[in-house]
Each structure stands twice: as structure tokens, then as C-alpha cells.
Amino acid sequence: MELDRMVSELFEEEERAREMARKLMAMAQRSADEASAERGSLLAFLRGPMERHMRWEETAIFPHFQARGLAEEVQVALKQHAGVREATEALANVAQGGDVAGSIVNVARLLLHHTNFEGDYIYPELTRDEWRELMKETVRQGI
């Protein structure tokens, strides 16, 4: 069913981001040159799919969780989104010869911390059926 696919894709996006963050951290710690070579593709991911994912969470998911009494957790997640965005821009603005690897480690660390936070504290608050209902409402609202 379409709603089940949407729920699965959401969790898969989180897992892909988590795995990417782990790989990027290891790569940046292993080789600054290798990390520098991945800068463009990382920025494309962070400004494309990751940004869309965070905006979608902010408009579709977080209001639902705030209504369930999880305002503090949502505020933490929003701060983490802001941190990822700030680190993304810092990576984009690293000057030639600057610490690209360090910036990649920073953004990857923030991304990993954020996806673990959501996976441990926010996403488990809903049952599969509640996730399906949330997806149905999201589709209905055109988000």
C-alpha cells in the first residue's frame, strides 16, 4: 500500500543519512584529500534530499509530535536541524586550503547525532498505524 511505502521510505531516508554520516566521518579521518573530493556531492545531498527531508519533518511531522506533548523533543530536533544547516554552510564556505575534512567530520557528526536522536526519541512515539495515519494526513494536506 502507498502509505506503508511512504513510512518505509521515511525510515530508509533516516538510515541512509546515518550510514552516510558514518562513512564520511571515517573517510575524513582517514584522508583529507579523499574528503575534499567528496565535498561537492555531500553539499548536494545536504542541500537537496536532506534539506527536503528536514523541511518535511518541520511542516508535517513536528507539529503532530508537539500536539502529542513532545514539544521539548521537537525543539531539540529543530535546533539540530539548524546546526546541520549551519554546518552545511560552513562546509560550503571553507576556503581553498582550509580544513574541509574537519568541516565534513563536523557536519557528519551533527547528522549522525540528529538521526540517532530522532530514531531513539521521536519516531518511536508513534505506532505503525499512527505513522500511516500521519502519512494519510500529509497526503491529504499536500505536504
# chains A, B, ... in the order shown; residues from 1 in each chain; ligands from 1

$ residues_around --residues "Ile104 of chain A" --least-positions-apart "2" --cutoff "12 Å" --atoms "only C-alpha atoms" --output "ChimeraX atom specification"
/A:20-29,31-43,46,84,87-94,98-102,106-112

$ closest_residue --among "A:Gln141, A:Glu12, A:Arg68, A:His113" --to "Leu126 of chain A" --atoms "only C-alpha atoms"
A:Arg68

$ residues_around --residues "Ile122 of chain A" --least-positions-apart "6" --cutoff "8 Å" --atoms "only C-alpha atoms" --output "list of chain:residue names"
A:Phe65, A:Glu73, A:Val74

$ write_last_selection --atoms "N, CA, C and O atoms" --output "PDB file, in the first residue's frame"
ATOM      1  N   PHE A  65       3.878  15.903  16.564  1.00  0.00           N
ATOM      2  CA  PHE A  65       4.518  15.498  17.816  1.00  0.00           C
ATOM      3  C   PHE A  65       4.349  16.556  18.904  1.00  0.00           C
ATOM      4  O   PHE A  65       4.208  16.212  20.082  1.00  0.00           O
ATOM      5  N   GLU A  73      11.151  17.725  22.804  1.00  0.00           N
ATOM      6  CA  GLU A  73      11.893  16.899  21.860  1.00  0.00           C
ATOM      7  C   GLU A  73      11.919  17.557  20.479  1.00  0.00           C
ATOM      8  O   GLU A  73      12.940  17.549  19.794  1.00  0.00           O
ATOM      9  N   VAL A  74      10.798  18.147  20.089  1.00  0.00           N
ATOM     10  CA  VAL A  74      10.731  18.841  18.805  1.00  0.00           C
ATOM     11  C   VAL A  74      11.680  20.035  18.804  1.00  0.00           C
ATOM     12  O   VAL A  74      12.383  20.274  17.810  1.00  0.00           O
TER      13      VAL A  74
END

$ closest_residue --among "A:Thr59, A:Asn116, A:Thr138, A:Thr127" --to "Leu3 of chain A" --atoms "only C-alpha atoms"
A:Thr138

$ closest_residue --among "A:Ala44, A:Ala17, A:Ala82, A:Ala77" --to "Ile61 of chain A" --atoms "only C-alpha atoms"
A:Ala77
